[in-house]
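Note: the block below is data_30.txt and it holds compact mmCIF, C-alpha atoms.
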```txt
# COMPACT_ATOMS: atom_id res chain seq x y z
CA MET A 1 22.36 -0.53 -14.44
CA SER A 2 22.79 2.52 -16.67
CA VAL A 3 19.35 4.06 -16.17
CA LEU A 4 18.45 2.91 -12.61
CA PRO A 5 20.81 3.55 -9.68
CA ALA A 6 22.21 0.15 -8.62
CA GLY A 7 19.90 -1.37 -11.24
CA GLY A 8 16.84 -1.11 -9.04
CA ASN A 9 14.17 1.07 -7.48
CA GLY A 10 15.60 0.99 -3.96
CA GLU A 11 16.58 -1.39 -1.15
CA PHE A 12 17.44 -4.62 -3.03
CA ASN A 13 21.06 -3.59 -3.68
CA LEU A 14 21.72 -6.67 -5.80
CA PRO A 15 25.18 -7.21 -7.25
CA ALA A 16 25.28 -6.58 -11.01
CA GLU A 17 25.30 -10.28 -11.87
CA LEU A 18 22.00 -10.77 -9.99
CA ALA A 19 20.21 -7.66 -11.30
CA THR A 20 16.74 -8.95 -12.13
CA VAL A 21 13.81 -7.74 -14.21
CA ILE A 22 10.44 -9.28 -13.33
CA GLN A 23 8.05 -9.90 -16.21
CA ARG A 24 5.07 -11.50 -14.53
CA GLY A 25 3.79 -13.17 -11.39
CA GLU A 26 1.16 -15.76 -10.50
CA GLY A 27 0.28 -16.86 -6.99
CA CYS A 28 3.58 -17.01 -5.11
CA ARG A 29 5.73 -17.43 -8.25
CA LEU A 30 7.57 -14.92 -10.41
CA TRP A 31 9.04 -15.14 -13.90
CA THR A 32 11.94 -12.93 -14.92
CA ALA A 33 12.40 -11.30 -18.31
CA ASP A 34 15.02 -13.94 -19.16
CA GLY A 35 12.63 -16.77 -18.33
CA ARG A 36 13.72 -17.73 -14.82
CA ARG A 37 11.02 -19.04 -12.46
CA MET A 38 11.35 -17.93 -8.82
CA LEU A 39 9.56 -18.66 -5.55
CA ASP A 40 8.45 -15.32 -4.10
CA TYR A 41 8.90 -14.59 -0.39
CA SER A 42 8.86 -10.83 -0.80
CA MET A 43 5.34 -10.59 -2.26
CA GLY A 44 5.77 -6.95 -3.18
CA TRP A 45 7.18 -6.28 0.31
CA GLY A 46 3.98 -7.72 1.70
CA SER A 47 1.59 -5.75 -0.49
CA VAL A 48 0.37 -8.83 -2.38
CA LEU A 49 -1.10 -10.79 0.53
CA VAL A 50 -3.69 -12.35 -1.79
CA GLY A 51 -1.09 -13.55 -4.31
CA HIS A 52 0.05 -12.24 -7.68
CA ALA A 53 -2.55 -11.89 -10.45
CA ASN A 54 -5.39 -13.07 -8.23
CA VAL A 55 -8.16 -13.97 -10.65
CA LYS A 56 -10.91 -12.14 -8.76
CA ILE A 57 -8.87 -8.95 -8.48
CA VAL A 58 -7.80 -9.07 -12.12
CA ARG A 59 -11.40 -9.45 -13.24
CA ALA A 60 -12.76 -6.69 -11.02
CA VAL A 61 -10.01 -4.16 -11.83
CA THR A 62 -10.21 -4.91 -15.57
CA GLU A 63 -13.94 -4.25 -15.58
CA ARG A 64 -13.48 -1.08 -13.55
CA LEU A 65 -10.71 0.25 -15.82
CA ALA A 66 -13.19 0.71 -18.67
CA MET A 67 -15.05 3.23 -16.47
CA GLY A 68 -12.02 5.50 -15.92
CA SER A 69 -8.90 5.13 -13.83
CA ASN A 70 -8.77 8.27 -11.67
CA PHE A 71 -10.86 11.32 -10.80
CA ALA A 72 -8.99 12.63 -7.72
CA THR A 73 -12.24 12.69 -5.77
CA VAL A 74 -14.74 10.35 -4.12
CA THR A 75 -16.07 7.50 -6.24
CA ASP A 76 -18.62 4.83 -5.49
CA ALA A 77 -15.77 2.36 -4.95
CA SER A 78 -13.81 4.57 -2.54
CA LEU A 79 -16.97 5.44 -0.58
CA GLU A 80 -17.81 1.77 -0.20
CA LEU A 81 -14.23 1.05 0.85
CA ALA A 82 -14.29 3.85 3.46
CA GLU A 83 -17.49 2.37 4.90
CA ARG A 84 -15.88 -1.07 5.05
CA ILE A 85 -12.75 0.18 6.81
CA VAL A 86 -14.80 2.10 9.38
CA ARG A 87 -16.72 -1.11 10.16
CA ILE A 88 -13.50 -3.16 10.40
CA SER A 89 -11.07 -0.81 12.15
CA PRO A 90 -11.68 -0.21 15.88
CA ALA A 91 -9.90 3.17 15.76
CA CYS A 92 -11.67 4.62 12.74
CA GLU A 93 -14.85 6.67 12.69
CA GLN A 94 -13.65 8.45 9.55
CA VAL A 95 -10.88 7.82 7.03
CA ARG A 96 -9.08 9.55 4.19
CA PHE A 97 -7.22 7.89 1.36
CA CYS A 98 -3.76 8.43 -0.06
CA ALA A 99 -1.54 6.41 -2.36
CA SER A 100 0.99 4.82 0.00
CA GLY A 101 1.76 3.88 3.57
CA THR A 102 4.40 6.61 3.64
CA GLU A 103 1.73 9.25 3.06
CA ALA A 104 -0.57 7.64 5.62
CA THR A 105 1.94 7.74 8.48
CA MET A 106 3.08 11.24 7.49
CA TYR A 107 -0.50 12.54 7.63
CA CYS A 108 -1.11 10.85 10.99
CA LEU A 109 1.87 12.63 12.52
CA ARG A 110 0.92 15.97 10.96
CA LEU A 111 -2.60 15.56 12.31
CA ALA A 112 -1.26 14.69 15.78
CA ARG A 113 0.94 17.78 15.91
CA ALA A 114 -1.94 20.00 14.87
CA ALA A 115 -4.45 18.42 17.25
CA THR A 116 -2.19 18.70 20.28
CA GLY A 117 -0.34 21.90 19.39
CA LYS A 118 2.92 20.14 20.29
CA PRO A 119 5.94 19.75 17.99
CA ARG A 120 7.68 16.48 18.87
CA VAL A 121 6.97 12.84 18.08
CA MET A 122 8.34 9.63 19.54
CA ARG A 123 9.18 6.52 17.57
CA PHE A 124 10.93 3.24 18.37
CA GLU A 125 14.46 2.38 17.40
CA GLY A 126 14.63 0.04 14.40
CA ALA A 127 11.08 0.66 13.19
CA TYR A 128 10.22 1.85 9.68
CA HIS A 129 7.36 4.28 9.18
CA GLY A 130 7.69 5.18 5.52
CA ALA A 131 10.11 7.20 3.41
CA HIS A 132 9.53 10.59 5.07
CA ASP A 133 12.06 12.00 7.54
CA VAL A 134 10.48 10.63 10.73
CA GLY A 135 10.00 7.23 9.08
CA VAL A 136 13.67 6.65 8.42
CA THR A 137 15.18 8.35 11.47
CA SER A 138 16.86 5.73 13.71
CA MET A 139 15.66 3.03 11.32
CA PHE A 140 18.97 1.17 11.39
CA PRO A 141 21.21 3.28 13.63
CA GLN A 142 24.92 2.53 13.66
CA ALA A 143 25.60 3.99 17.11
CA ASP A 144 23.92 2.99 20.36
CA LEU A 145 22.99 6.52 21.32
CA PRO A 146 21.40 7.23 24.71
CA TYR A 147 17.61 7.36 24.51
CA PRO A 148 15.81 9.47 23.37
CA GLU A 149 18.55 10.79 21.04
CA ALA A 150 17.84 10.11 17.36
CA GLU A 151 20.21 9.18 14.56
CA PRO A 152 19.50 9.91 10.89
CA SER A 153 19.58 6.73 8.80
CA CYS A 154 20.62 8.62 5.67
CA ASP A 155 21.73 12.06 4.59
CA GLY A 156 19.29 14.85 3.81
CA LEU A 157 17.09 14.47 6.90
CA THR A 158 16.17 17.33 9.19
CA THR A 159 13.48 16.17 11.62
CA HIS A 160 15.97 14.50 13.99
CA LEU A 161 17.60 17.87 14.62
CA ASP A 162 16.84 19.82 17.79
CA GLY A 163 14.99 16.90 19.31
CA GLY A 164 12.10 16.88 16.86
CA VAL A 165 12.10 13.07 16.98
CA LEU A 166 12.53 11.18 20.24
CA VAL A 167 13.57 7.52 20.18
CA ALA A 168 12.63 4.78 22.64
CA PRO A 169 13.47 1.05 22.89
CA PHE A 170 10.71 -1.26 21.66
CA ASN A 171 9.25 -3.58 24.31
CA ASP A 172 10.66 -1.54 27.20
CA ALA A 173 7.43 -0.28 28.76
CA GLU A 174 9.05 1.25 31.82
CA ARG A 175 11.67 3.26 29.91
CA THR A 176 9.13 4.39 27.31
CA ALA A 177 6.57 5.48 29.91
CA ALA A 178 9.26 7.50 31.69
CA LEU A 179 10.27 9.22 28.44
CA ILE A 180 6.65 10.02 27.62
CA ALA A 181 6.16 11.54 31.08
CA GLU A 182 9.39 13.53 30.84
CA HIS A 183 8.61 15.04 27.43
CA ALA A 184 4.79 15.15 27.56
CA GLY A 185 4.69 18.94 27.41
CA GLU A 186 6.13 18.93 23.88
CA LEU A 187 5.18 15.43 22.73
CA ALA A 188 2.36 15.23 20.19
CA ALA A 189 2.37 11.51 19.42
CA VAL A 190 3.98 8.14 19.84
CA ILE A 191 4.02 6.14 16.62
CA VAL A 192 4.57 2.39 16.79
CA GLU A 193 4.50 -0.66 14.57
CA PRO A 194 2.47 -2.94 16.87
CA LEU A 195 4.54 -5.80 15.46
CA GLN A 196 7.87 -4.04 14.86
CA ARG A 197 9.21 -5.52 11.66
CA CYS A 198 9.16 -9.16 12.91
CA LEU A 199 9.45 -8.42 16.64
CA PRO A 200 6.22 -9.22 18.52
CA PRO A 201 5.21 -6.95 21.39
CA GLU A 202 5.77 -8.47 24.79
CA PRO A 203 2.62 -9.02 26.89
CA GLY A 204 1.47 -5.71 28.32
CA PHE A 205 3.75 -3.48 26.22
CA LEU A 206 1.07 -2.05 23.91
CA GLU A 207 -1.32 -1.72 26.84
CA ALA A 208 1.34 0.26 28.71
CA LEU A 209 1.79 2.55 25.70
CA ARG A 210 -1.95 3.13 25.56
CA GLU A 211 -2.09 3.96 29.26
CA ALA A 212 0.94 6.28 29.27
CA THR A 213 -0.12 8.25 26.19
CA SER A 214 -3.68 8.66 27.44
CA ARG A 215 -2.51 9.81 30.87
CA HIS A 216 -0.20 12.49 29.46
CA GLY A 217 -2.34 13.84 26.62
CA VAL A 218 -0.21 12.28 23.89
CA LEU A 219 -1.81 10.66 20.84
CA LEU A 220 -1.03 7.01 20.09
CA VAL A 221 -0.54 6.22 16.40
CA PHE A 222 -0.52 2.63 15.12
CA ASP A 223 1.44 2.17 11.91
CA GLU A 224 -0.56 -0.76 10.54
CA VAL A 225 0.89 -0.53 7.05
CA VAL A 226 2.33 -4.03 7.56
CA THR A 227 0.03 -5.47 10.23
CA GLY A 228 -3.23 -4.10 8.82
CA PHE A 229 -5.41 -6.91 7.42
CA ARG A 230 -2.42 -9.30 7.79
CA LEU A 231 -2.59 -10.40 11.43
CA ALA A 232 -6.39 -10.28 11.46
CA LEU A 233 -9.12 -8.57 9.47
CA GLY A 234 -9.13 -5.87 12.15
CA GLY A 235 -5.34 -5.77 12.08
CA ALA A 236 -3.11 -5.47 15.11
CA GLN A 237 -5.84 -3.58 16.96
CA ASP A 238 -8.00 -6.68 16.79
CA HIS A 239 -5.14 -9.17 17.22
CA TYR A 240 -3.60 -7.51 20.30
CA GLY A 241 -6.73 -5.82 21.67
CA VAL A 242 -5.33 -2.27 21.91
CA VAL A 243 -6.97 0.68 20.13
CA PRO A 244 -4.90 3.75 19.13
CA ASP A 245 -6.04 7.31 18.44
CA LEU A 246 -4.91 7.26 14.81
CA VAL A 247 -4.07 4.42 12.44
CA ALA A 248 -2.24 4.23 9.11
CA TYR A 249 -2.86 1.55 6.47
CA GLY A 250 -1.24 0.54 3.19
CA LYS A 251 0.40 -2.51 1.59
CA ALA A 252 -1.94 -5.51 1.84
CA LEU A 253 -5.12 -3.42 1.71
CA GLY A 254 -4.65 -2.82 -2.02
CA GLY A 255 -4.20 -6.43 -3.06
CA GLY A 256 -1.13 -5.36 -5.04
CA MET A 257 -2.50 -2.00 -6.16
CA PRO A 258 -1.10 1.24 -4.68
CA ILE A 259 -3.10 2.47 -1.72
CA GLY A 260 -2.86 4.17 1.66
CA ALA A 261 -5.43 5.20 4.23
CA PHE A 262 -5.45 6.85 7.62
CA GLY A 263 -8.18 7.40 10.14
CA GLY A 264 -9.30 8.02 13.68
CA SER A 265 -12.14 9.60 15.59
CA ALA A 266 -14.48 12.00 13.81
CA ASP A 267 -13.22 14.81 16.05
CA LEU A 268 -9.59 14.28 15.04
CA MET A 269 -10.36 13.71 11.37
CA SER A 270 -12.51 16.85 11.27
CA LEU A 271 -9.29 18.88 11.43
CA THR A 272 -8.66 17.91 7.80
CA ARG A 273 -11.90 19.55 6.61
CA GLU A 274 -11.09 22.24 4.08
CA ASP A 275 -13.75 24.59 5.44
CA ARG A 276 -11.57 24.94 8.55
CA ASN A 277 -8.90 26.78 6.54
CA THR A 278 -10.18 30.11 7.83
CA GLY A 279 -8.10 30.55 10.95
CA GLU A 280 -9.20 27.43 12.82
CA THR A 281 -6.87 24.50 13.38
CA TYR A 282 -6.57 22.92 9.93
CA VAL A 283 -4.50 20.04 8.54
CA TRP A 284 -3.92 19.84 4.80
CA THR A 285 -4.18 16.31 3.39
CA ALA A 286 -4.83 15.38 -0.22
CA SER A 287 -3.62 12.80 -2.70
CA THR A 288 -4.02 12.79 -6.48
CA LEU A 289 -4.30 9.01 -6.65
CA GLY A 290 -5.64 8.43 -3.15
CA GLY A 291 -8.76 6.25 -3.26
CA ASN A 292 -8.67 5.94 -7.04
CA PRO A 293 -11.36 3.54 -8.26
CA LEU A 294 -8.94 0.87 -9.47
CA SER A 295 -7.14 0.61 -6.13
CA ALA A 296 -10.41 0.89 -4.20
CA THR A 297 -11.94 -1.89 -6.29
CA ALA A 298 -8.92 -4.11 -5.69
CA ALA A 299 -9.11 -3.34 -1.97
CA LEU A 300 -12.79 -4.30 -1.79
CA VAL A 301 -12.07 -7.65 -3.42
CA THR A 302 -9.07 -8.11 -1.12
CA LEU A 303 -11.24 -7.59 1.95
CA ASP A 304 -13.76 -10.08 0.55
CA LEU A 305 -11.00 -12.66 0.09
CA LEU A 306 -9.60 -12.08 3.57
CA SER A 307 -13.10 -12.33 5.08
CA GLU A 308 -13.55 -15.91 3.87
CA PRO A 309 -13.74 -18.51 6.67
CA GLY A 310 -10.42 -19.90 7.88
CA VAL A 311 -8.14 -17.45 6.07
CA TYR A 312 -6.33 -16.15 9.15
CA GLU A 313 -6.14 -19.55 10.80
CA ARG A 314 -4.39 -20.77 7.65
CA LEU A 315 -2.06 -17.75 7.41
CA HIS A 316 -1.02 -18.06 11.05
CA GLY A 317 -0.62 -21.82 10.68
CA LEU A 318 1.65 -21.41 7.66
CA GLY A 319 3.72 -18.86 9.53
CA ARG A 320 4.20 -21.20 12.47
CA TYR A 321 5.08 -24.06 10.10
CA LEU A 322 7.68 -21.99 8.26
CA ARG A 323 9.26 -20.54 11.40
CA GLN A 324 9.50 -23.95 13.08
CA GLY A 325 11.10 -25.41 9.97
CA MET A 326 13.65 -22.60 9.96
CA ARG A 327 14.40 -23.17 13.65
CA ASP A 328 14.87 -26.89 13.06
CA LEU A 329 17.43 -26.21 10.32
CA LEU A 330 19.41 -23.88 12.58
CA VAL A 331 19.37 -26.38 15.45
CA GLU A 332 20.44 -29.27 13.19
CA ARG A 333 23.43 -27.24 12.01
CA GLU A 334 24.18 -25.84 15.47
CA ILE A 335 23.96 -22.28 14.16
CA ASP A 336 23.50 -19.73 16.94
CA ALA A 337 20.68 -17.62 15.47
CA ARG A 338 17.05 -16.88 16.24
CA VAL A 339 13.85 -17.05 14.17
CA ILE A 340 11.34 -14.31 14.91
CA GLY A 341 7.98 -13.28 13.52
CA GLU A 342 4.25 -13.64 14.01
CA GLY A 343 1.37 -14.44 11.70
CA PRO A 344 2.52 -14.83 8.07
CA LEU A 345 5.94 -13.23 8.75
CA ALA A 346 9.32 -14.78 9.50
CA GLN A 347 12.92 -13.65 9.87
CA ILE A 348 16.30 -15.07 10.84
CA ALA A 349 18.27 -12.91 13.24
CA PHE A 350 21.93 -13.84 13.55
CA THR A 351 22.09 -12.95 17.22
CA SER A 352 22.89 -14.98 20.32
CA GLN A 353 20.53 -12.83 22.40
CA ALA A 354 16.80 -13.20 22.92
CA PRO A 355 15.42 -10.63 20.45
CA ARG A 356 13.07 -8.08 22.00
CA ASP A 357 14.16 -4.76 20.50
CA TYR A 358 16.39 -3.39 17.75
CA ARG A 359 19.67 -3.77 19.64
CA THR A 360 19.06 -7.39 20.65
CA SER A 361 17.66 -8.45 17.27
CA ARG A 362 20.17 -6.91 14.85
CA HIS A 363 22.61 -9.25 13.18
CA GLU A 364 25.87 -9.91 14.99
CA HIS A 365 27.05 -11.30 11.64
CA LYS A 366 25.60 -8.82 9.18
CA GLN A 367 27.67 -9.94 6.20
CA VAL A 368 26.76 -13.58 6.82
CA ALA A 369 23.07 -12.62 6.77
CA ARG A 370 23.48 -10.78 3.47
CA GLU A 371 25.40 -13.65 1.87
CA LEU A 372 22.68 -16.06 2.96
CA MET A 373 19.98 -13.96 1.33
CA LEU A 374 22.02 -13.57 -1.86
CA GLU A 375 22.55 -17.33 -1.99
CA LEU A 376 18.80 -17.90 -1.60
CA PHE A 377 18.24 -15.41 -4.42
CA ARG A 378 20.70 -17.33 -6.62
CA SER A 379 18.87 -20.54 -5.71
CA GLY A 380 15.54 -19.25 -7.01
CA VAL A 381 13.97 -17.50 -4.01
CA PHE A 382 12.90 -13.92 -4.68
CA LEU A 383 13.43 -11.75 -1.61
CA ASN A 384 15.11 -8.55 -0.49
CA PRO A 385 18.78 -9.28 0.33
CA MET A 386 18.94 -6.02 2.33
CA GLY A 387 16.88 -7.74 5.02
CA THR A 388 16.01 -11.25 6.16
CA LYS A 389 12.26 -10.75 6.36
CA LEU A 390 9.94 -13.23 4.63
CA TYR A 391 6.31 -12.57 3.68
CA LEU A 392 3.76 -15.33 3.24
CA SER A 393 0.48 -14.94 1.36
CA ILE A 394 -2.76 -16.84 0.91
CA ALA A 395 -1.22 -18.18 -2.32
CA HIS A 396 1.50 -20.07 -0.38
CA ASN A 397 1.02 -23.56 0.98
CA GLU A 398 3.06 -26.06 3.00
CA ALA A 399 4.67 -27.46 -0.15
CA ASP A 400 5.97 -23.98 -0.98
CA CYS A 401 7.31 -23.71 2.57
CA ASP A 402 8.99 -27.12 2.23
CA GLU A 403 10.59 -26.01 -1.05
CA PHE A 404 11.91 -22.87 0.62
CA LEU A 405 13.20 -24.83 3.63
CA ALA A 406 15.11 -27.21 1.34
CA LEU A 407 16.72 -24.26 -0.43
CA LEU A 408 17.46 -22.60 2.92
CA GLY A 409 19.15 -25.76 4.19
CA GLY A 410 21.40 -25.84 1.15
CA ALA A 411 22.21 -22.14 1.48
CA LEU A 412 23.08 -22.56 5.16
CA ASP A 413 25.44 -25.41 4.27
CA ARG A 414 27.14 -23.53 1.44
CA VAL A 415 27.35 -20.05 2.94
CA VAL A 416 26.67 -19.80 6.63
CA LEU A 417 28.47 -22.82 8.06
CA PRO A 418 31.75 -22.10 6.21
CA GLN A 419 31.70 -18.44 7.33
CA LEU A 420 30.83 -19.14 10.97
CA ALA A 421 33.15 -22.16 11.32
```

Turn this file's structure into C-alpha cells for me.
Amino acid sequence: MSVLPAGGNGEFNLPAELATVIQRGEGCRLWTADGRRMLDYSMGWGSVLVGHANVKIVRAVTERLAMGSNFATVTDASLELAERIVRISPACEQVRFCASGTEATMYCLRLARAATGKPRVMRFEGAYHGAHDVGVTSMFPQADLPYPEAEPSCDGLTTHLDGGVLVAPFNDAERTAALIAEHAGELAAVIVEPLQRCLPPEPGFLEALREATSRHGVLLVFDEVVTGFRLALGGAQDHYGVVPDLVAYGKALGGGMPIGAFGGSADLMSLTREDRNTGETYVWTASTLGGNPLSATAALVTLDLLSEPGVYERLHGLGRYLRQGMRDLLVEREIDARVIGEGPLAQIAFTSQAPRDYRTSRHEHKQVARELMLELFRSGVFLNPMGTKLYLSIAHNEADCDEFLALLGGALDRVVLPQLA
C-alpha cells in the first residue's frame, strides 16, 4: 500500500484487508504470496485463455529465451505469426505488432484519420478501447448525455473536447446510422467491440454498421482485443460474419505474454511505410517490444492450442453452462438481475431491464454488485471487484464452474439478499 497506489496496478481497488500479491498460477488456479489458493475467473483480464503456466507455452518460451528476448525488429517468430494472422483474420492482408491492445486500437484510429483525412471518431457508450483518451471516453459515464455528446471517464482527457469523439448507443442500428450520416463529412471511423464487454450484438446490428460506414466513406474498426481468438479462431469477424476495414488484437493472442497487433488491407496498411515520410500521407507506428520473439513464440503456440479440434465447442459449452447456473441461482433466490455474455464470458447485471446497451445493462444496485464481488474474492475466487465480468479458459471445466456456482450461491445469501430485502 505504501509503494503502489491503492496497493495495486489499477482497477481492482481492493480494500486494504484484501490487498493480494500473487506468487504463481497453474491452469485456472492462483496461489498468493501468503499461501492462499484461489480459483481464477479473471485469467489476466482474459489474456490467459490457455490457462496459467501452460506446459507447451512454458517450454517454447523457455527455449526461445536462450536465443535473445528482444531485437525491436522482425524475427522468424514474428514473421511466422504475421503470416498466421493474415491467414486467420478476414480483415487482414497485412499486420503490424505492438505490445498491447491499447496501442493496437490507438494505431487503428490514427490510421483511419490519416486515410480519410477526417478528424472525428465514433465509439459506443460503455465500451472500453484501451487506456488512451478515446478508449476511456464515455466508458462508464455518470450522466445520460444526449447522443453523440461524450463524457470523459477520468480527468486529464482531451479528445472528447470540441466533438473529437462522438458517442452512440450500442445495438441501436437506426440511431447509429443516422449519426454516421449526419457527421460523415468529418467522421473518420467507427470503432466497436463486436461483443461489447458482455453485451452481444443484436441480429443485424453489426451488418447495419458495416453498411452505414461503407455507404458514407467511414472506416469500420473492430476492437477484437477481447473477442479475438476467444469467440472463434477467426474472432468476432468469423463468429458474426461481418468484416471490418481495420482490426485490433491483444489479450488472448499472447497466451499470457504481452502482445498487440493491428491490421487491414494492404492499401490501408501501406500508409505506415516509413518510405512515405516524404510528404505523402504517412502514419507513424512503432513499438519497442512489439512482436518480440518471446511473445510471438507464445502466440504461435496459443494459436496451435486453439486450433485443436473441439476447443471452441468446449469453450462455448462451458460459457453456457456457467451462465445458466448463474441464472438458476438468481431465480431460486428471486433476485431481479440478469446474466449476460457469450462464448467463454459471463456477467451479472443488477438491472430489471433487458440489457442491450450501456444504459440498460448498468447496475441499478452498484454497491450491491461490488459487495458481491468482494465477498466472492474473500471466498477464494480471484476476480476484479470493479466489474462483474468473468473469464473462462481452456483450463476450466464443469467442476470448476460448479465450485464457483456454490461460492456464488453462498455470497448471494450472505450479501445480496440482505441488502435487497

Long-range neighbours of segment 303-319 of chain A as an MDAnalysis selection string, 9 Å cut-off, all atoms listed in the file, 4 positions minimum in chain: chainID A and resid 50 56 84 229:233 253 255 298:299 323:324 341:346 391:394 396:398 401

Residue contacts of Tyr107 of chain A (9 Å, all atoms listed in the file) excluding same-chain residues fewer than 4 positions away, as a PyMOL selection string: chain A and resi 102-103+111-112+248+262+283-285

Coordinates-based distance that separates atom CA of Ala53 of chain A from atom CA of Gln23 of chain A (Å, one decimal): 12.2 Å

Selected residue of minimal separation from Met269 of chain A among A:Leu417, A:Cys154, A:Ala115, A:Leu187, counting only C-alpha atoms: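 Going through A:Leu417, A:Cys154, A:Ala115, A:Leu187 one by one, the smallest distance to Met269 of chain A is for A:Ala115.
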
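Compared by their closest atoms to Ala131 of chain A, and using all atoms listed in the file, the residues A:Gly10, A:Gly254, A:Gly25, A:Pro201 rank with A:Gly10 nearest.
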
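From atom CA of Gly228 of chain A back to atom CA of Pro152 of chain A, the distance works out to 26.8 Å.
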
Proximity to Ser361 of chain A - best of A:Ala33, A:Val381, A:Ala114, A:Val339, all atoms listed in the file: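 Ranking A:Ala33, A:Val381, A:Ala114, A:Val339 by distance to Ser361 of chain A, first place goes to A:Val339.
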
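Ranking A:Leu30, A:Leu206, A:Leu166, A:Ala72 by their shortest atom-to-atom distance to Pro146 of chain A, with only C-alpha atoms included, puts A:Leu166 first.
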
From A:Arg87, A:Arg362, A:Arg175, A:Arg123, residue lying nearest Asp223 of chain A [all atoms listed in the file]: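 Among the listed residues, A:Arg123 lies closest to Asp223 of chain A.
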
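Here atom CA of Glu26 of chain A and atom CA of His52 of chain A stand 4.6 Å from one another.
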
For Thr73 of chain A, the nearest of the candidates A:Ser42, A:Asn54, A:Thr227, A:Ser287, counting all atoms listed in the file: A:Ser287

Contact residues around Glu211 of chain A with all atoms listed in the file at 10 Å, ignoring same-chain residues under 5 positions, as a PyMOL selection string: chain A and resi 177+205-206+216+220

Non-local contacts of Gln196 of chain A (12 Å; only C-alpha atoms; under 5 positions in same chain excluded) as JSON, numbers by chain: {"A": [123, 124, 125, 126, 127, 128, 129, 139, 169, 170, 171, 191, 201, 202, 206, 222, 223, 224, 225, 226, 227, 236, 340, 341, 342, 345, 347, 355, 356, 357, 358, 361, 389]}

Output C-alpha atoms for every residue in the selection just made, as an mmCIF file, keeping the file's coordinate frame.
```cif
data_model
loop_
_atom_site.group_PDB
_atom_site.id
_atom_site.type_symbol
_atom_site.label_atom_id
_atom_site.label_comp_id
_atom_site.auth_asym_id
_atom_site.auth_seq_id
_atom_site.Cartn_x
_atom_site.Cartn_y
_atom_site.Cartn_z
ATOM 1 C CA ARG A 123 9.180 6.520 17.570
ATOM 2 C CA PHE A 124 10.930 3.240 18.370
ATOM 3 C CA GLU A 125 14.460 2.380 17.400
ATOM 4 C CA GLY A 126 14.630 0.040 14.400
ATOM 5 C CA ALA A 127 11.080 0.660 13.190
ATOM 6 C CA TYR A 128 10.220 1.850 9.680
ATOM 7 C CA HIS A 129 7.360 4.280 9.180
ATOM 8 C CA MET A 139 15.660 3.030 11.320
ATOM 9 C CA PRO A 169 13.470 1.050 22.890
ATOM 10 C CA PHE A 170 10.710 -1.260 21.660
ATOM 11 C CA ASN A 171 9.250 -3.580 24.310
ATOM 12 C CA ILE A 191 4.020 6.140 16.620
ATOM 13 C CA PRO A 201 5.210 -6.950 21.390
ATOM 14 C CA GLU A 202 5.770 -8.470 24.790
ATOM 15 C CA LEU A 206 1.070 -2.050 23.910
ATOM 16 C CA PHE A 222 -0.520 2.630 15.120
ATOM 17 C CA ASP A 223 1.440 2.170 11.910
ATOM 18 C CA GLU A 224 -0.560 -0.760 10.540
ATOM 19 C CA VAL A 225 0.890 -0.530 7.050
ATOM 20 C CA VAL A 226 2.330 -4.030 7.560
ATOM 21 C CA THR A 227 0.030 -5.470 10.230
ATOM 22 C CA ALA A 236 -3.110 -5.470 15.110
ATOM 23 C CA ILE A 340 11.340 -14.310 14.910
ATOM 24 C CA GLY A 341 7.980 -13.280 13.520
ATOM 25 C CA GLU A 342 4.250 -13.640 14.010
ATOM 26 C CA LEU A 345 5.940 -13.230 8.750
ATOM 27 C CA GLN A 347 12.920 -13.650 9.870
ATOM 28 C CA PRO A 355 15.420 -10.630 20.450
ATOM 29 C CA ARG A 356 13.070 -8.080 22.000
ATOM 30 C CA ASP A 357 14.160 -4.760 20.500
ATOM 31 C CA TYR A 358 16.390 -3.390 17.750
ATOM 32 C CA SER A 361 17.660 -8.450 17.270
ATOM 33 C CA LYS A 389 12.260 -10.750 6.360
#
```

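Contact shell of Cys98 of chain A at 7 Å (only C-alpha atoms; same-chain neighbours under 6 positions omitted): Ala104, Ile259, Gly260, Ala261, Ser287, Leu289, Gly290 and Gly291 of chain A.
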